[in-house]
$ cat input.csv   # CSV, C-alpha atoms
chain,number,residue,atom,x,y,z
A,1,VAL,CA,-66.5,-187.4,-152.6
A,2,SER,CA,-63.9,-189.8,-151.2
A,3,THR,CA,-62.9,-187.4,-148.5
A,4,MET,CA,-66.5,-186.9,-147.4
A,5,PHE,CA,-67.1,-190.7,-147.4
A,6,CYS,CA,-64.0,-191.3,-145.2
A,7,ALA,CA,-65.0,-188.5,-142.8
A,8,LEU,CA,-68.6,-189.9,-142.4
A,9,LEU,CA,-67.2,-193.4,-142.0
A,10,SER,CA,-64.7,-192.3,-139.3
A,11,TYR,CA,-67.5,-190.3,-137.5
A,12,ALA,CA,-69.7,-193.4,-137.5
A,13,MET,CA,-66.9,-195.6,-136.2
A,14,LEU,CA,-66.1,-193.2,-133.4
A,15,ASN,CA,-69.7,-193.0,-132.4
A,16,CYS,CA,-69.9,-196.8,-132.3
A,17,ILE,CA,-67.1,-197.1,-129.9
A,18,GLY,CA,-68.3,-194.2,-127.8
A,19,THR,CA,-65.4,-191.9,-128.5
A,20,ASP,CA,-65.9,-188.1,-128.3
A,21,ILE,CA,-65.0,-186.5,-131.6
A,22,LYS,CA,-64.3,-183.1,-130.0
A,23,GLU,CA,-60.5,-183.9,-129.8
A,24,PHE,CA,-60.4,-184.3,-133.5
A,25,VAL,CA,-62.1,-181.0,-134.4
A,26,ILE,CA,-59.9,-178.0,-134.9
A,27,TYR,CA,-62.3,-175.1,-135.2
A,28,ALA,CA,-65.6,-175.9,-133.4
A,29,PHE,CA,-67.3,-176.5,-130.0
A,30,GLU,CA,-65.6,-173.4,-128.5
A,31,PHE,CA,-66.4,-169.7,-128.8
A,32,HIS,CA,-63.8,-167.8,-130.9
A,33,GLU,CA,-63.2,-164.1,-131.1
A,34,ASN,CA,-62.9,-164.0,-134.9
A,35,LYS,CA,-63.9,-160.5,-135.7
A,36,TRP,CA,-61.7,-158.5,-138.1
A,37,GLU,CA,-61.7,-155.0,-139.5
A,38,TRP,CA,-61.1,-153.6,-143.0
A,39,ILE,CA,-57.8,-152.3,-141.8
A,40,ASP,CA,-56.7,-155.9,-141.5
A,41,VAL,CA,-57.0,-156.5,-145.3
A,42,PRO,CA,-53.7,-155.0,-146.3
A,43,TRP,CA,-52.0,-157.0,-143.6
A,44,PHE,CA,-53.7,-160.1,-144.7
A,45,ILE,CA,-52.3,-159.4,-148.2
A,46,VAL,CA,-48.8,-158.8,-146.8
A,47,ALA,CA,-48.9,-162.1,-144.9
A,48,SER,CA,-50.2,-164.0,-147.9
A,49,VAL,CA,-47.6,-162.5,-150.3
A,50,LEU,CA,-44.8,-163.4,-147.9
A,51,LEU,CA,-46.2,-166.9,-147.4
A,52,GLY,CA,-46.5,-167.3,-151.2
A,53,ILE,CA,-42.8,-166.6,-151.5
A,54,LEU,CA,-41.9,-168.9,-148.6
A,55,THR,CA,-44.2,-171.7,-150.0
A,56,SER,CA,-42.5,-171.4,-153.4
A,57,TYR,CA,-39.1,-172.0,-151.9
A,58,HIS,CA,-40.5,-174.7,-149.6
A,59,THR,CA,-41.9,-176.6,-152.6
A,60,ARG,CA,-38.6,-176.3,-154.5
A,61,TRP,CA,-36.5,-177.5,-151.6
A,62,VAL,CA,-38.9,-180.4,-150.9
A,63,LEU,CA,-38.6,-181.5,-154.6
A,64,ALA,CA,-34.8,-181.1,-154.5
A,65,THR,CA,-34.5,-183.1,-151.2
A,66,GLY,CA,-36.6,-185.9,-152.7
A,67,ALA,CA,-34.6,-186.0,-155.9
A,68,TRP,CA,-31.3,-186.0,-153.9
A,69,ARG,CA,-32.5,-189.0,-151.8
A,70,GLN,CA,-33.5,-190.9,-154.8
A,71,LYS,CA,-30.1,-190.3,-156.4
A,72,MET,CA,-28.3,-191.4,-153.3
A,73,THR,CA,-30.4,-194.5,-153.0
A,74,LYS,CA,-29.5,-195.6,-156.5
A,75,ARG,CA,-25.8,-195.5,-155.7
A,76,ILE,CA,-26.2,-198.2,-153.0
A,77,PRO,CA,-28.7,-200.7,-154.4
A,78,ARG,CA,-27.4,-203.5,-152.2
A,79,TRP,CA,-27.8,-201.6,-148.9
A,80,GLN,CA,-31.0,-199.6,-149.7
A,81,THR,CA,-33.2,-201.1,-147.0
A,82,ARG,CA,-30.6,-200.9,-144.2
A,83,ALA,CA,-29.6,-197.4,-145.3
A,84,LYS,CA,-33.2,-196.1,-145.3
A,85,ILE,CA,-33.8,-197.6,-141.8
A,86,LEU,CA,-30.6,-196.0,-140.5
A,87,GLU,CA,-31.3,-192.7,-142.0
A,88,THR,CA,-34.9,-192.6,-140.7
A,89,VAL,CA,-33.7,-193.4,-137.2
A,90,LEU,CA,-31.0,-190.8,-137.3
A,91,TYR,CA,-33.5,-188.2,-138.7
A,92,CYS,CA,-35.9,-189.0,-135.8
A,93,ALA,CA,-33.0,-188.1,-133.5
A,94,VAL,CA,-32.3,-184.9,-135.4
A,95,CYS,CA,-36.0,-183.9,-135.2
A,96,THR,CA,-36.1,-184.6,-131.4
A,97,LEU,CA,-32.8,-182.7,-130.8
A,98,ALA,CA,-34.0,-179.7,-132.9
A,99,SER,CA,-37.4,-179.5,-131.2
A,100,VAL,CA,-36.0,-179.9,-127.7
A,101,THR,CA,-33.2,-177.3,-128.3
A,102,ALA,CA,-35.7,-174.7,-129.7
A,103,SER,CA,-38.0,-175.4,-126.7
A,104,LEU,CA,-35.2,-175.1,-124.1
A,105,ALA,CA,-34.3,-171.7,-125.6
A,106,SER,CA,-37.8,-170.4,-124.9
A,107,GLU,CA,-38.9,-168.7,-121.7
A,108,CYS,CA,-41.7,-170.1,-119.5
A,109,VAL,CA,-45.0,-168.2,-119.6
A,110,ALA,CA,-47.7,-168.1,-116.8
A,111,VAL,CA,-50.9,-169.9,-117.7
A,112,GLY,CA,-53.4,-167.5,-119.1
A,113,LYS,CA,-57.2,-167.3,-118.8
A,114,SER,CA,-58.1,-169.1,-122.0
A,115,GLY,CA,-58.1,-172.5,-120.4
A,116,LEU,CA,-56.4,-174.1,-123.4
A,117,GLN,CA,-54.0,-177.0,-122.8
A,118,TYR,CA,-50.4,-176.1,-123.3
A,119,VAL,CA,-47.2,-178.2,-122.9
A,120,SER,CA,-45.3,-177.5,-119.7
A,121,PHE,CA,-42.1,-179.3,-120.8
A,122,ASN,CA,-39.4,-177.8,-118.5
A,123,CYS,CA,-41.6,-175.1,-116.9
A,124,PRO,CA,-42.9,-175.2,-113.3
A,125,GLU,CA,-46.5,-175.7,-112.4
A,126,ARG,CA,-49.0,-173.2,-113.6
A,127,SER,CA,-46.8,-172.2,-116.5
A,128,TYR,CA,-46.0,-173.5,-120.0
A,129,ASN,CA,-43.4,-173.5,-122.7
A,130,PRO,CA,-44.9,-171.8,-125.8
A,131,VAL,CA,-42.4,-173.2,-128.3
A,132,ALA,CA,-42.8,-176.7,-126.8
A,133,SER,CA,-46.6,-176.3,-127.1
A,134,LEU,CA,-46.1,-175.8,-130.8
A,135,LEU,CA,-43.3,-178.3,-131.6
A,136,ILE,CA,-43.6,-181.1,-129.0
A,137,ASN,CA,-47.2,-181.6,-129.7
A,138,THR,CA,-49.4,-183.1,-132.4
A,139,SER,CA,-49.8,-180.8,-135.5
A,140,HIS,CA,-53.6,-181.0,-134.9
A,141,SER,CA,-53.3,-179.7,-131.4
A,142,SER,CA,-50.8,-177.0,-132.4
A,143,VAL,CA,-53.1,-175.7,-135.1
A,144,ARG,CA,-55.9,-175.5,-132.7
A,145,LEU,CA,-53.9,-173.4,-130.3
A,146,LEU,CA,-52.8,-171.1,-133.2
A,147,PHE,CA,-56.4,-170.7,-134.6
A,148,SER,CA,-57.9,-169.9,-131.2
A,149,GLY,CA,-59.4,-166.5,-130.7
A,150,MET,CA,-59.4,-166.9,-126.9
A,151,ASN,CA,-55.6,-166.9,-126.2
A,152,ALA,CA,-54.5,-163.5,-127.4
A,153,GLY,CA,-51.0,-162.8,-126.0
A,154,GLU,CA,-50.4,-166.3,-124.9
A,155,ILE,CA,-48.5,-167.3,-128.0
A,156,THR,CA,-46.5,-164.3,-129.2
A,157,TRP,CA,-44.6,-163.7,-132.4
A,158,ILE,CA,-41.2,-164.8,-131.2
A,159,PRO,CA,-42.2,-168.4,-130.2
A,160,SER,CA,-44.3,-168.6,-133.4
A,161,LEU,CA,-41.3,-167.6,-135.6
A,162,VAL,CA,-39.0,-170.0,-133.7
A,163,ALA,CA,-41.4,-172.8,-134.2
A,164,PHE,CA,-42.0,-171.9,-137.9
A,165,THR,CA,-38.3,-171.8,-138.7
A,166,THR,CA,-37.6,-175.1,-137.0
A,167,TYR,CA,-40.6,-176.9,-138.4
A,168,TYR,CA,-40.0,-175.5,-141.9
A,169,ALA,CA,-36.5,-176.9,-142.0
A,170,LEU,CA,-37.5,-180.3,-140.6
A,171,ASN,CA,-40.4,-180.6,-142.9
A,172,VAL,CA,-38.2,-179.9,-146.0
A,173,LEU,CA,-35.6,-182.4,-144.9
A,174,LEU,CA,-38.2,-185.1,-144.2
A,175,THR,CA,-39.0,-185.5,-147.9
A,176,GLY,CA,-38.2,-189.0,-149.3
A,177,LEU,CA,-38.0,-190.8,-146.0
A,178,PRO,CA,-40.2,-193.9,-145.6
A,179,VAL,CA,-42.4,-192.4,-142.9
A,180,PRO,CA,-46.0,-191.3,-142.9
A,181,GLY,CA,-45.9,-187.5,-143.2
A,182,GLY,CA,-48.8,-185.9,-145.0
A,183,ALA,CA,-48.3,-182.5,-146.5
A,184,PHE,CA,-51.7,-181.1,-145.8
A,185,THR,CA,-51.6,-180.7,-142.0
A,186,ALA,CA,-47.9,-179.8,-142.1
A,187,THR,CA,-48.6,-177.0,-144.6
A,188,MET,CA,-51.6,-175.8,-142.6
A,189,LEU,CA,-49.4,-175.6,-139.4
A,190,LEU,CA,-46.6,-173.7,-141.2
A,191,GLY,CA,-49.0,-171.1,-142.5
A,192,ALA,CA,-50.7,-170.8,-139.1
A,193,LEU,CA,-47.4,-170.3,-137.3
A,194,PHE,CA,-46.3,-167.5,-139.7
A,195,GLY,CA,-49.8,-165.9,-139.8
A,196,ARG,CA,-50.0,-165.9,-136.0
A,197,ALA,CA,-46.6,-164.1,-135.8
A,198,VAL,CA,-47.7,-161.5,-138.3
A,199,GLY,CA,-51.0,-161.0,-136.4
A,200,ASP,CA,-49.2,-160.6,-133.1
A,201,ILE,CA,-46.8,-158.1,-134.5
A,202,VAL,CA,-49.5,-156.0,-136.1
A,203,ARG,CA,-51.6,-156.1,-133.0
A,204,GLY,CA,-48.7,-155.3,-130.8
A,205,LEU,CA,-47.8,-152.2,-132.9
A,206,GLY,CA,-51.4,-151.0,-132.5
A,207,PHE,CA,-52.4,-151.2,-136.1
A,208,THR,CA,-55.4,-153.4,-135.4
A,209,PRO,CA,-57.3,-154.9,-132.4
A,210,THR,CA,-57.9,-158.2,-134.3
A,211,VAL,CA,-56.7,-161.3,-132.4
A,212,SER,CA,-53.8,-163.1,-134.0
A,213,GLY,CA,-55.8,-166.3,-134.3
A,214,VAL,CA,-57.6,-164.8,-137.3
A,215,TYR,CA,-54.2,-164.2,-139.0
A,216,ALA,CA,-53.3,-167.8,-138.3
A,217,VAL,CA,-56.3,-168.9,-140.3
A,218,VAL,CA,-55.4,-166.6,-143.1
A,219,GLY,CA,-51.8,-167.8,-143.0
A,220,SER,CA,-53.0,-171.5,-143.3
A,221,ALA,CA,-55.2,-170.7,-146.2
A,222,ALA,CA,-52.4,-168.8,-148.0
A,223,MET,CA,-49.8,-171.5,-147.4
A,224,LEU,CA,-52.2,-174.2,-148.6
A,225,CYS,CA,-53.1,-172.3,-151.7
A,226,GLY,CA,-49.4,-171.7,-152.5
A,227,PHE,CA,-48.5,-175.3,-151.9
A,228,LYS,CA,-51.3,-176.8,-154.0
A,229,GLN,CA,-50.5,-174.3,-156.8

$ encode --input "input.csv" --output "structure tokens"
Amino acid sequence: VSTMFCALLSYAMLNCIGTDIKEFVIYAFEFHENKWEWIDVPWFIVASVLLGILTSYHTRWVLATGAWRQKMTKRIPRWQTRAKILETVLYCAVCTLASVTASLASECVAVGKSGLQYVSFNCPERSYNPVASLLINTSHSSVRLLFSGMNAGEITWIPSLVAFTTYYALNVLLTGLPVPGGAFTATMLLGALFGRAVGDIVRGLGFTPTVSGVYAVVGSAAMLCGFKQ
């Protein structure tokens, strides 16, 4: 009930100031090729099982990281505030370095026919960096790219797995820092990255014609279920 109330209130406020809500919607306003076949069901199950295992370890490492930070904080009660500020600033630098390094290791890709907005980063005009589009971007925008059914082949399994590995590690190590970092969207993004990679691999091997965006949706659902469990 509270979620619905907040959503309606936000919608009303955006309408009052004349702001288009399209930018805040992940899976609407655009046509998506979201058809799937029964042959996809076993692969849906495989992706969900793998994500269930990864989510289990993710949750354990998140709790362990949080407990470790609390333990370290108690050892320096006099310098807690300064230590937290310093650690947060340093971790911001680590996140930037990791994201930039992973993006620089990726190859540029020519702009496709989907018309979706990607991040150019270090790429020339009319091309984009697929890893940067997933990491050096808002999680909302990244999820929209992964869920899309119009950009088959534009985000392949290698950039998806590179972004998944980087974001997975950074998300675990973020736990306990005094920064706003909700788990819902982050978990959705991680599942979408892994699901998109599985979908692209299965499609590339010729097992199914289904676009990998469908697998991204399944991956998000599996990761969210595992995390909430």

$ closest_residue --input "input.csv" --among "A:Leu14, A:Ala93, A:Val100, A:Val109" --to "A:Ala132" --atoms "all atoms listed in the file"
A:Val100

$ atom_distance --input "input.csv" --atom1 "atom CA of A:Thr55" --atom2 "atom CA of A:Met72"
25.5 Å

$ atom_distance --input "input.csv" --atom1 "atom CA of A:Arg60" --atom2 "atom CA of A:Leu174"
13.6 Å

$ closest_residue --input "input.csv" --among "A:Thr210, A:Val202, A:Val172, A:Pro178" --to "A:Arg82" --atoms "all atoms listed in the file"
A:Pro178

$ atom_distance --input "input.csv" --atom1 "atom CA of A:Ala105" --atom2 "atom CA of A:Val131"
8.7 Å

$ closest_residue --input "input.csv" --among "A:Ala110, A:Ala221, A:Val49, A:Leu189" --to "A:Cys123" --atoms "all atoms listed in the file"
A:Ala110

$ residues_around --input "input.csv" --residues "A:Cys108" --least-positions-apart "2" --cutoff "9 Å" --atoms "all atoms listed in the file" --output "PyMOL selection string"
chain A and resi 106+110+120+122-124+127-130

$ residues_around --input "input.csv" --residues "stretch 133-135 of chain A" --least-positions-apart "3" --cutoff "9 Å" --atoms "only C-alpha atoms" --output "list of chain:residue names"
A:Ser99, A:Val100, A:Ala102, A:Ser103, A:Gln117, A:Tyr118, A:Val119, A:Ser120, A:Phe121, A:Tyr128, A:Asn129, A:Pro130, A:Thr138, A:Ser139, A:Ser141, A:Ser142, A:Val143, A:Leu145, A:Leu146, A:Pro159, A:Ser160, A:Ala163, A:Thr166, A:Tyr167, A:Leu193

$ residues_around --input "input.csv" --residues "A:Lys35" --least-positions-apart "2" --cutoff "12 Å" --atoms "only C-alpha atoms" --output "list in words"
Phe31, His32, Glu33, Glu37, Trp38, Ile39, Asp40, Gly149, Met150, Thr208, Pro209, Thr210, Val211, Ser212, Gly213, Val214 and Tyr215 of chain A

$ closest_residue --input "input.csv" --among "A:Asn151, A:Thr185, A:Ser48, A:Asn137" --to "A:Met223" --atoms "all atoms listed in the file"
A:Ser48

$ closest_residue --input "input.csv" --among "A:Trp36, A:Phe207, A:Tyr57, A:Trp79" --to "A:Ala169" --atoms "all atoms listed in the file"
A:Tyr57

$ closest_residue --input "input.csv" --among "A:Leu54, A:Met13, A:Leu170, A:Ala152" --to "A:Gly226" --atoms "only C-alpha atoms"
A:Leu54

$ residues_near_point --input "input.csv" --point "(-46.7, -160.0, -142.1)" --cutoff "10 Å" --atoms "all atoms listed in the file" --output "PDB file with C-alpha atoms, keeping the file's coordinate frame"
ATOM      1  CA  PRO A  42     -53.700-155.000-146.300  1.00  0.00           C
ATOM      2  CA  TRP A  43     -52.000-157.000-143.600  1.00  0.00           C
ATOM      3  CA  PHE A  44     -53.700-160.100-144.700  1.00  0.00           C
ATOM      4  CA  ILE A  45     -52.300-159.400-148.200  1.00  0.00           C
ATOM      5  CA  VAL A  46     -48.800-158.800-146.800  1.00  0.00           C
ATOM      6  CA  ALA A  47     -48.900-162.100-144.900  1.00  0.00           C
ATOM      7  CA  SER A  48     -50.200-164.000-147.900  1.00  0.00           C
ATOM      8  CA  VAL A  49     -47.600-162.500-150.300  1.00  0.00           C
ATOM      9  CA  LEU A  50     -44.800-163.400-147.900  1.00  0.00           C
ATOM     10  CA  LEU A  51     -46.200-166.900-147.400  1.00  0.00           C
ATOM     11  CA  PHE A 194     -46.300-167.500-139.700  1.00  0.00           C
ATOM     12  CA  GLY A 195     -49.800-165.900-139.800  1.00  0.00           C
ATOM     13  CA  ARG A 196     -50.000-165.900-136.000  1.00  0.00           C
ATOM     14  CA  ALA A 197     -46.600-164.100-135.800  1.00  0.00           C
ATOM     15  CA  VAL A 198     -47.700-161.500-138.300  1.00  0.00           C
ATOM     16  CA  GLY A 199     -51.000-161.000-136.400  1.00  0.00           C
ATOM     17  CA  ASP A 200     -49.200-160.600-133.100  1.00  0.00           C
ATOM     18  CA  ILE A 201     -46.800-158.100-134.500  1.00  0.00           C
ATOM     19  CA  VAL A 202     -49.500-156.000-136.100  1.00  0.00           C
ATOM     20  CA  TYR A 215     -54.200-164.200-139.000  1.00  0.00           C
ATOM     21  CA  GLY A 219     -51.800-167.800-143.000  1.00  0.00           C
TER      22      GLY A 219
END

$ residues_near_point --input "input.csv" --point "(-36.2, -192.1, -151.3)" --cutoff "6 Å" --atoms "all atoms listed in the file" --output "ChimeraX atom specification"
/A:69-70,176-177

$ decode --input "input.csv" --residues "stretch 164-181 of chain A" --atoms "N, CA, C and O atoms" --output "PDB file, in the first residue's frame"
ATOM      1  N   PHE A 164      28.620  -7.734 -15.180  1.00  0.00           N
ATOM      2  CA  PHE A 164      28.069  -8.493 -14.046  1.00  0.00           C
ATOM      3  C   PHE A 164      29.136  -8.737 -12.990  1.00  0.00           C
ATOM      4  O   PHE A 164      28.905  -8.513 -11.796  1.00  0.00           O
ATOM      5  N   THR A 165      30.298  -9.204 -13.408  1.00  0.00           N
ATOM      6  CA  THR A 165      31.376  -9.494 -12.462  1.00  0.00           C
ATOM      7  C   THR A 165      31.817  -8.232 -11.719  1.00  0.00           C
ATOM      8  O   THR A 165      31.994  -8.240 -10.495  1.00  0.00           O
ATOM      9  N   THR A 166      31.970  -7.143 -12.461  1.00  0.00           N
ATOM     10  CA  THR A 166      32.402  -5.880 -11.849  1.00  0.00           C
ATOM     11  C   THR A 166      31.364  -5.356 -10.875  1.00  0.00           C
ATOM     12  O   THR A 166      31.680  -5.001  -9.729  1.00  0.00           O
ATOM     13  N   TYR A 167      30.116  -5.309 -11.304  1.00  0.00           N
ATOM     14  CA  TYR A 167      29.053  -4.766 -10.470  1.00  0.00           C
ATOM     15  C   TYR A 167      28.783  -5.660  -9.263  1.00  0.00           C
ATOM     16  O   TYR A 167      28.466  -5.163  -8.165  1.00  0.00           O
ATOM     17  N   TYR A 168      28.896  -6.962  -9.441  1.00  0.00           N
ATOM     18  CA  TYR A 168      28.690  -7.931  -8.354  1.00  0.00           C
ATOM     19  C   TYR A 168      29.679  -7.658  -7.217  1.00  0.00           C
ATOM     20  O   TYR A 168      29.295  -7.553  -6.048  1.00  0.00           O
ATOM     21  N   ALA A 169      30.953  -7.536  -7.572  1.00  0.00           N
ATOM     22  CA  ALA A 169      31.984  -7.300  -6.568  1.00  0.00           C
ATOM     23  C   ALA A 169      31.811  -5.939  -5.892  1.00  0.00           C
ATOM     24  O   ALA A 169      31.891  -5.822  -4.660  1.00  0.00           O
ATOM     25  N   LEU A 170      31.553  -4.904  -6.681  1.00  0.00           N
ATOM     26  CA  LEU A 170      31.390  -3.567  -6.114  1.00  0.00           C
ATOM     27  C   LEU A 170      30.165  -3.479  -5.216  1.00  0.00           C
ATOM     28  O   LEU A 170      30.183  -2.799  -4.187  1.00  0.00           O
ATOM     29  N   ASN A 171      29.102  -4.162  -5.590  1.00  0.00           N
ATOM     30  CA  ASN A 171      27.879  -4.139  -4.797  1.00  0.00           C
ATOM     31  C   ASN A 171      28.067  -4.830  -3.449  1.00  0.00           C
ATOM     32  O   ASN A 171      27.543  -4.372  -2.425  1.00  0.00           O
ATOM     33  N   VAL A 172      28.818  -5.915  -3.435  1.00  0.00           N
ATOM     34  CA  VAL A 172      29.096  -6.612  -2.173  1.00  0.00           C
ATOM     35  C   VAL A 172      29.928  -5.738  -1.246  1.00  0.00           C
ATOM     36  O   VAL A 172      29.631  -5.587  -0.055  1.00  0.00           O
ATOM     37  N   LEU A 173      30.976  -5.142  -1.779  1.00  0.00           N
ATOM     38  CA  LEU A 173      31.886  -4.333  -0.969  1.00  0.00           C
ATOM     39  C   LEU A 173      31.281  -3.001  -0.533  1.00  0.00           C
ATOM     40  O   LEU A 173      31.824  -2.331   0.357  1.00  0.00           O
ATOM     41  N   LEU A 174      30.166  -2.612  -1.144  1.00  0.00           N
ATOM     42  CA  LEU A 174      29.504  -1.366  -0.775  1.00  0.00           C
ATOM     43  C   LEU A 174      28.801  -1.449   0.582  1.00  0.00           C
ATOM     44  O   LEU A 174      28.612  -0.433   1.255  1.00  0.00           O
ATOM     45  N   THR A 175      28.454  -2.650   0.998  1.00  0.00           N
ATOM     46  CA  THR A 175      27.652  -2.851   2.199  1.00  0.00           C
ATOM     47  C   THR A 175      28.290  -2.217   3.433  1.00  0.00           C
ATOM     48  O   THR A 175      29.467  -2.420   3.713  1.00  0.00           O
ATOM     49  N   GLY A 176      27.477  -1.452   4.151  1.00  0.00           N
ATOM     50  CA  GLY A 176      27.945  -0.840   5.389  1.00  0.00           C
ATOM     51  C   GLY A 176      28.444   0.576   5.253  1.00  0.00           C
ATOM     52  O   GLY A 176      28.654   1.254   6.263  1.00  0.00           O
ATOM     53  N   LEU A 177      28.641   1.040   4.025  1.00  0.00           N
ATOM     54  CA  LEU A 177      29.090   2.418   3.831  1.00  0.00           C
ATOM     55  C   LEU A 177      27.896   3.372   3.963  1.00  0.00           C
ATOM     56  O   LEU A 177      26.780   3.027   3.555  1.00  0.00           O
ATOM     57  N   PRO A 178      28.116   4.564   4.495  1.00  0.00           N
ATOM     58  CA  PRO A 178      27.016   5.518   4.698  1.00  0.00           C
ATOM     59  C   PRO A 178      26.623   6.235   3.409  1.00  0.00           C
ATOM     60  O   PRO A 178      26.747   7.449   3.278  1.00  0.00           O
ATOM     61  N   VAL A 179      26.180   5.470   2.438  1.00  0.00           N
ATOM     62  CA  VAL A 179      25.735   6.035   1.162  1.00  0.00           C
ATOM     63  C   VAL A 179      24.390   5.411   0.797  1.00  0.00           C
ATOM     64  O   VAL A 179      24.112   4.269   1.164  1.00  0.00           O
ATOM     65  N   PRO A 180      23.537   6.147   0.074  1.00  0.00           N
ATOM     66  CA  PRO A 180      22.251   5.578  -0.346  1.00  0.00           C
ATOM     67  C   PRO A 180      22.470   4.553  -1.449  1.00  0.00           C
ATOM     68  O   PRO A 180      22.888   4.897  -2.555  1.00  0.00           O
ATOM     69  N   GLY A 181      22.218   3.304  -1.141  1.00  0.00           N
ATOM     70  CA  GLY A 181      22.395   2.253  -2.144  1.00  0.00           C
ATOM     71  C   GLY A 181      21.376   1.159  -1.943  1.00  0.00           C
ATOM     72  O   GLY A 181      21.612   0.187  -1.243  1.00  0.00           O
TER      73      GLY A 181
END
